[in-house]
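Just start32.cif here, mmCIF, C-alpha atoms:
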```cif
data_structure
loop_
_atom_site.label_atom_id
_atom_site.label_comp_id
_atom_site.auth_asym_id
_atom_site.auth_seq_id
_atom_site.Cartn_x
_atom_site.Cartn_y
_atom_site.Cartn_z
CA MET K 1 6.79 -32.65 28.35
CA THR K 2 4.86 -30.97 31.15
CA ARG K 3 3.78 -27.36 30.92
CA LEU K 4 6.32 -26.21 33.52
CA LYS K 5 9.16 -27.97 31.74
CA ARG K 6 8.18 -26.45 28.42
CA GLU K 7 8.05 -23.00 29.99
CA ALA K 8 11.47 -23.51 31.60
CA THR K 9 12.92 -24.52 28.24
CA VAL K 10 11.58 -21.40 26.50
CA ARG K 11 12.67 -19.20 29.42
CA ARG K 12 16.22 -20.49 29.08
CA MET K 13 16.04 -19.81 25.35
CA LEU K 14 14.97 -16.23 26.04
CA GLU K 15 17.63 -15.61 28.65
CA GLN K 16 20.62 -16.55 26.53
CA SER K 17 22.90 -13.96 24.84
CA PRO K 18 21.79 -10.70 26.50
CA PRO K 19 22.74 -7.54 24.54
CA SER K 20 25.18 -5.10 26.09
CA LEU K 21 23.83 -1.72 27.15
CA PRO K 22 25.32 1.11 25.07
CA PRO K 23 26.57 3.89 27.37
CA GLU K 24 24.88 6.72 25.44
CA ILE K 25 21.36 5.45 26.18
CA HIS K 26 21.20 7.19 29.54
CA ALA K 27 22.21 10.60 28.14
CA ASP K 28 19.86 10.24 25.15
CA ALA K 29 16.93 9.27 27.35
CA ALA K 30 17.61 12.12 29.82
CA ARG K 31 17.83 14.62 26.94
CA ARG K 32 14.58 13.45 25.36
CA GLY K 33 12.91 13.24 28.76
CA ALA K 34 13.88 16.85 29.48
CA ARG K 35 12.43 17.85 26.10
CA ILE K 36 9.16 16.08 26.91
CA LEU K 37 9.03 17.94 30.25
CA ARG K 38 9.70 21.27 28.53
CA ARG K 39 6.98 20.63 26.00
CA ARG K 40 4.53 19.70 28.76
CA THR K 41 5.34 22.91 30.66
CA LEU K 42 4.76 24.96 27.51
CA ALA K 43 1.47 23.23 26.78
CA ARG K 44 0.28 23.80 30.36
CA ARG K 45 1.26 27.46 30.20
CA ALA K 46 -0.55 27.91 26.87
CA MET K 47 -3.67 26.32 28.34
CA TRP K 48 -3.69 28.65 31.34
CA LEU K 49 -3.15 31.67 29.07
CA LEU K 50 -6.07 30.62 26.90
CA LEU K 51 -8.26 30.15 29.97
CA LEU K 52 -7.29 33.60 31.25
CA ALA K 53 -8.01 35.19 27.86
CA VAL K 54 -11.46 33.57 27.74
CA ALA K 55 -12.23 34.77 31.28
CA VAL K 56 -11.16 38.35 30.49
CA ALA K 57 -13.16 38.36 27.25
CA PHE K 58 -16.25 37.16 29.10
CA VAL K 59 -15.97 39.84 31.81
CA VAL K 60 -15.51 42.60 29.22
CA TRP K 61 -18.48 41.37 27.24
CA ALA K 62 -20.64 41.11 30.36
CA LEU K 63 -19.77 44.65 31.48
CA THR K 64 -20.55 46.14 28.06
CA ALA K 65 -23.65 44.12 27.18
CA ARG K 66 -25.09 43.97 30.75
CA PRO K 67 -27.28 40.94 30.03
CA TRP K 68 -28.83 41.06 33.54
CA VAL K 69 -30.55 44.42 32.94
CA GLU K 70 -34.18 44.06 31.84
CA PRO K 71 -34.45 45.33 28.26
CA PRO K 72 -36.87 48.25 27.68
CA SER K 73 -40.32 47.11 26.73
CA GLU K 74 -41.08 47.12 23.04
CA THR K 75 -44.80 46.17 23.13
CA THR K 76 -46.38 49.06 25.09
CA PRO K 77 -46.66 52.24 23.03
CA PRO K 78 -45.16 55.28 24.65
CA LEU K 79 -47.81 57.21 26.65
CA THR K 80 -47.94 60.76 25.30
CA GLY K 81 -50.50 63.62 25.10
CA TRP K 82 -52.05 63.18 28.62
CA MET P 1 10.14 19.27 45.78
CA ARG P 2 13.26 17.57 44.52
CA SER P 3 15.80 19.36 42.44
CA ARG P 4 16.44 18.44 38.83
CA HIS P 5 19.96 17.48 39.78
CA ASP P 6 18.73 14.82 42.23
CA THR P 7 16.37 13.48 39.61
CA SER P 8 19.19 13.22 37.07
CA HIS P 9 21.31 11.39 39.57
CA ASP P 10 18.59 8.93 40.57
CA PHE P 11 17.69 8.39 36.95
CA GLU P 12 21.28 7.62 36.02
CA ALA P 13 21.49 5.04 38.80
CA TYR P 14 18.20 3.52 37.66
CA VAL P 15 19.34 3.19 34.03
CA ALA P 16 22.67 1.72 35.12
CA GLY P 17 20.82 -0.87 37.22
CA ALA P 18 17.84 -1.81 35.08
CA GLY P 19 18.92 -0.73 31.58
CA ALA P 20 20.58 -3.98 30.54
CA ARG P 21 17.57 -6.10 31.44
CA LEU P 22 15.16 -3.68 29.77
CA LEU P 23 17.29 -3.63 26.62
CA HIS P 24 17.22 -7.42 26.58
CA THR P 25 13.42 -7.32 26.82
CA ALA P 26 13.23 -4.75 24.01
CA THR P 27 15.58 -6.80 21.83
CA LEU P 28 13.45 -9.91 22.36
CA LEU P 29 10.36 -7.92 21.37
CA THR P 30 11.83 -6.61 18.14
CA ALA P 31 13.41 -10.04 17.40
CA GLU P 32 16.71 -8.41 16.50
CA PRO P 33 20.07 -10.11 17.04
CA PRO P 34 21.73 -8.93 20.31
CA THR P 35 24.62 -7.30 18.48
CA ALA P 36 22.55 -5.24 16.02
CA ASN P 37 19.43 -3.93 17.71
CA PRO P 38 18.75 -0.34 16.58
CA ARG P 39 14.96 -0.70 16.87
CA ALA P 40 15.19 -2.03 20.42
CA ARG P 41 17.52 0.81 21.42
CA ARG P 42 15.17 3.42 19.98
CA LEU P 43 12.22 1.82 21.75
CA LEU P 44 14.08 1.70 25.07
CA THR P 45 15.37 5.29 24.76
CA LEU P 46 11.82 6.51 24.19
CA ALA P 47 10.45 4.49 27.12
CA LEU P 48 13.24 5.72 29.42
CA ALA P 49 12.64 9.32 28.29
CA HIS P 50 9.01 9.06 29.41
CA THR P 51 10.08 7.55 32.72
CA TYR P 52 12.48 10.49 33.14
CA ALA P 53 9.68 12.97 32.40
CA ASP P 54 7.35 11.29 34.91
CA TRP P 55 10.05 10.72 37.54
CA ASP P 56 8.76 13.31 40.02
CA ARG P 57 5.17 12.09 39.71
CA LEU P 58 6.29 8.49 40.18
CA ARG P 59 6.97 8.79 43.93
CA GLY P 60 6.36 5.42 45.54
CA GLY P 61 5.75 3.75 42.20
CA ASP P 62 8.28 1.45 40.58
CA PRO P 63 10.15 3.11 37.70
CA TYR P 64 10.89 -0.34 36.24
CA ASP P 65 7.16 -1.06 35.97
CA HIS P 66 6.63 2.34 34.38
CA THR P 67 9.30 1.82 31.71
CA ARG P 68 8.19 -1.74 31.02
CA GLN P 69 4.57 -0.70 30.66
CA TYR P 70 5.50 2.03 28.19
CA LEU P 71 7.77 -0.36 26.29
CA ALA P 72 5.01 -2.97 25.97
CA THR P 73 2.19 -0.63 24.97
CA ARG P 74 4.37 1.34 22.58
CA PHE P 75 5.56 -1.87 20.92
CA ALA P 76 1.97 -3.12 20.72
CA ASN P 77 0.76 0.11 19.10
CA THR P 78 3.55 0.40 16.56
CA ALA P 79 3.99 -3.26 15.61
CA TRP P 80 0.30 -4.10 15.26
CA HIS P 81 -0.47 -1.07 13.13
CA HIS P 82 2.46 -1.39 10.75
CA PRO P 83 2.17 -4.58 8.74
CA ALA P 84 5.34 -3.72 6.81
CA ALA P 85 7.47 -4.11 9.93
CA ARG P 86 5.76 -7.41 10.64
CA LEU P 87 6.60 -8.78 7.21
CA ARG P 88 10.19 -7.65 7.52
CA ASN P 89 10.53 -9.38 10.86
CA ARG P 90 8.90 -12.54 9.61
CA ALA P 91 11.36 -12.78 6.75
CA ARG P 92 14.29 -12.86 9.15
CA GLN P 93 14.95 -16.19 10.80
CA ASP P 94 18.09 -15.43 12.76
CA THR P 95 16.57 -15.33 16.25
CA PRO P 96 14.41 -17.96 17.91
CA LEU P 97 11.48 -15.54 18.20
CA ALA P 98 11.55 -14.29 14.61
CA ARG P 99 8.96 -16.86 13.55
CA LEU P 100 6.37 -15.40 15.90
CA THR P 101 4.04 -12.50 15.18
CA PRO P 102 4.73 -9.33 17.21
CA GLN P 103 1.72 -10.05 19.42
CA GLU P 104 2.83 -13.61 20.15
CA ARG P 105 6.33 -12.34 20.91
CA LEU P 106 5.05 -9.62 23.20
CA ILE P 107 2.92 -12.00 25.25
CA LEU P 108 5.59 -14.70 25.37
CA VAL P 109 8.25 -12.24 26.56
CA LEU P 110 6.01 -10.59 29.15
CA ARG P 111 4.83 -13.93 30.54
CA LEU P 112 8.13 -15.85 30.56
CA TYR P 113 11.03 -13.39 30.49
CA GLU P 114 9.38 -10.70 32.64
CA GLY P 115 7.40 -13.25 34.64
CA ILE P 116 4.13 -11.29 34.62
CA ALA P 117 1.04 -13.33 35.52
CA GLU P 118 -1.64 -13.97 32.93
CA GLU P 119 -4.21 -11.61 34.47
CA GLN P 120 -1.72 -8.76 34.80
CA THR P 121 -0.55 -9.24 31.22
CA ALA P 122 -4.18 -9.08 30.10
CA ALA P 123 -4.71 -5.88 32.09
CA LEU P 124 -1.49 -4.36 30.77
CA LEU P 125 -2.48 -4.99 27.15
CA GLY P 126 -6.20 -4.39 27.61
CA MET P 127 -7.38 -7.77 26.33
CA PRO P 128 -9.25 -10.70 27.92
CA ALA P 129 -7.19 -13.23 29.87
CA GLU P 130 -8.50 -16.09 27.71
CA ARG P 131 -7.05 -14.42 24.63
CA VAL P 132 -3.69 -13.95 26.37
CA ARG P 133 -3.68 -17.65 27.23
CA ALA P 134 -4.57 -18.66 23.67
CA VAL P 135 -1.87 -16.47 22.09
CA PHE P 136 0.65 -17.67 24.68
CA ASN P 137 -0.09 -21.33 23.96
CA ARG P 138 0.19 -20.73 20.22
CA ALA P 139 3.51 -18.95 20.69
CA MET P 140 4.84 -21.80 22.83
CA ALA P 141 3.82 -24.33 20.19
CA VAL P 142 5.60 -22.37 17.44
CA VAL P 143 8.78 -21.81 19.47
CA LEU P 144 9.06 -25.41 20.63
CA GLY P 145 7.90 -26.87 17.34
CA PRO P 146 10.23 -27.99 14.56
CA PRO P 147 11.82 -25.29 12.39
CA PRO P 148 9.76 -24.60 9.26
CA ARG P 149 10.82 -26.20 6.01
CA PRO P 150 12.35 -23.83 3.49
CA ALA P 151 9.52 -24.24 0.95
CA PRO P 152 6.28 -25.64 2.35
CA ALA P 153 4.09 -27.42 -0.17
CA VAL P 154 1.08 -25.45 -1.35
CA GLY P 155 -2.03 -26.68 0.41
CA GLY P 156 0.06 -28.89 2.68
CA VAL P 157 -1.23 -29.46 6.17
CA LYS P 158 0.80 -27.54 8.73
CA ALA P 159 -0.11 -29.42 11.89
CA VAL P 160 1.09 -28.03 15.18
CA ALA P 161 0.67 -30.12 18.29
CA SER P 162 -1.09 -28.08 20.95
#
```
Please, can you express the file's structure as structure tokens?
Amino acid sequence: MTRLKREATVRRMLEQSPPSLPPEIHADAARRGARILRRRTLARRAMWLLLLAVAVAFVVWALTARPWVEPPSETTPPLTGW
Amino acid sequence: MRSRHDTSHDFEAYVAGAGARLLHTATLLTAEPPTANPRARRLLTLALAHTYADWDRLRGGDPYDHTRQYLATRFANTAWHHPAARLRNRARQDTPLARLTPQERLILVLRLYEGIAEEQTAALLGMPAERVRAVFNRAMAVVLGPPPRPAPAVGGVKAVAS
């Protein structure tokens, strides 16, 4: 038997007796799909909220700690009694 | 931006058109009889749910390809990682594909029933094309070979013409 003939035989075997589509599959899939969408929206919202919280925390820390100001020198003794 | 109502409507038309063929594919994958195919229905419902969720991002793409891709990869991930399901399926002999392993079934169905070329099947499953060809040839030999004897002799040679 040639390769093409063998493949045609198996293809015919696969194509026989197709199952019938139950009518509730569309509603089930749409319901679960909507749930997946809702969950994705929630996850996205939570991520943005977290990002915002981190940004706010950083700004507050920067304004209180002022890391760009040069710290006062600790090596030179204070000059007194001139 | 399309409304949810439009999406629902398009999705319903899509399922009505392509659902039967996709369910046939899923039933072939799970090697269940056409009249009692709960695993195939679950698999298809899940795949269709993901297509529904991605519907708006799909613009231009083929929803059938999307569902089929999800179906194939999901089946690959669940069947290959759960040996119990494999044993259960092997024990059943009531469909022509029940004698194959899940991987052999998947590749045979994608190549012959869905008519996907060897290279695309390899890309879809993330394996080399040579391996797809080898598994496909093995699956063909098993399907076209004689039915197995009820109790093979221990140590007997099980020759399969390639």
Find the nearest atom pair between each residue of chain K and chain P for residues within 8 Å, count all atoms listed in the file, give distances in Å to one decimal, sort rows by chain and ascending number, and present the table as CSV.
```
residue,atom,partner,partner_atom,distance
K:Arg6,CA,P:Leu144,CA,7.9
K:Glu7,CA,P:Leu112,CA,7.2
K:Val10,CA,P:Leu144,CA,7.5
K:Arg11,CA,P:Leu112,CA,5.8
K:Met13,CA,P:Pro96,CA,7.8
K:Leu14,CA,P:Tyr113,CA,6.6
K:Glu15,CA,P:Tyr113,CA,7.2
K:Ser17,CA,P:Pro34,CA,6.9
K:Pro18,CA,P:His24,CA,5.6
K:Pro19,CA,P:Pro34,CA,4.6
K:Ser20,CA,P:Ala20,CA,6.5
K:Leu21,CA,P:Ala20,CA,5.2
K:Ile25,CA,P:Thr45,CA,6.2
K:His26,CA,P:Val15,CA,6.3
K:Asp28,CA,P:Thr45,CA,6.7
K:Ala29,CA,P:Ala49,CA,4.4
K:Ala30,CA,P:Ala49,CA,5.9
K:Arg31,CA,P:Ala49,CA,7.5
K:Arg32,CA,P:Ala49,CA,5.4
K:Gly33,CA,P:Ala49,CA,4.0
K:Ala34,CA,P:Ala53,CA,6.4
K:Ile36,CA,P:Ala53,CA,6.3
K:Leu37,CA,P:Ala53,CA,5.5
```
TODO: Please indicate the distance in Å from atom CA of Val132 of chain P to atom CA of Arg105 of chain P, rounded to one decimal place.
DONE: 11.5 Å
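Here atom CA of His66 of chain P stands at a distance of 24.8 Å from atom CA of Gln16 of chain K.
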TODO: Determine the nearest neighbour of Asp56 of chain P from the options P:Gln120, P:Gln103, P:Ser3, P:Thr78, counting only C-alpha atoms.
DONE: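 Distance minimum relative to Asp56 of chain P lands on P:Ser3.
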- [ ] Measure the distance from atom CA of Ala31 of chain P to atom CA of Ile107 of chain P in Å and round it to one decimal.
- [x]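 Between atom CA of Ala31 of chain P and atom CA of Ile107 of chain P the gap works out to 13.2 Å.
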For segment 19-26 of chain K, I'd like the enclosing box, axis-aligned and padded by 8 Å on every side, reported as lines of an AutoDock Vina configuration file with centre and edge lengths in Å to one decimal.
```
center_x = 23.9
center_y = -0.2
center_z = 27.0
size_x = 21.4
size_y = 30.7
size_z = 21.0
```
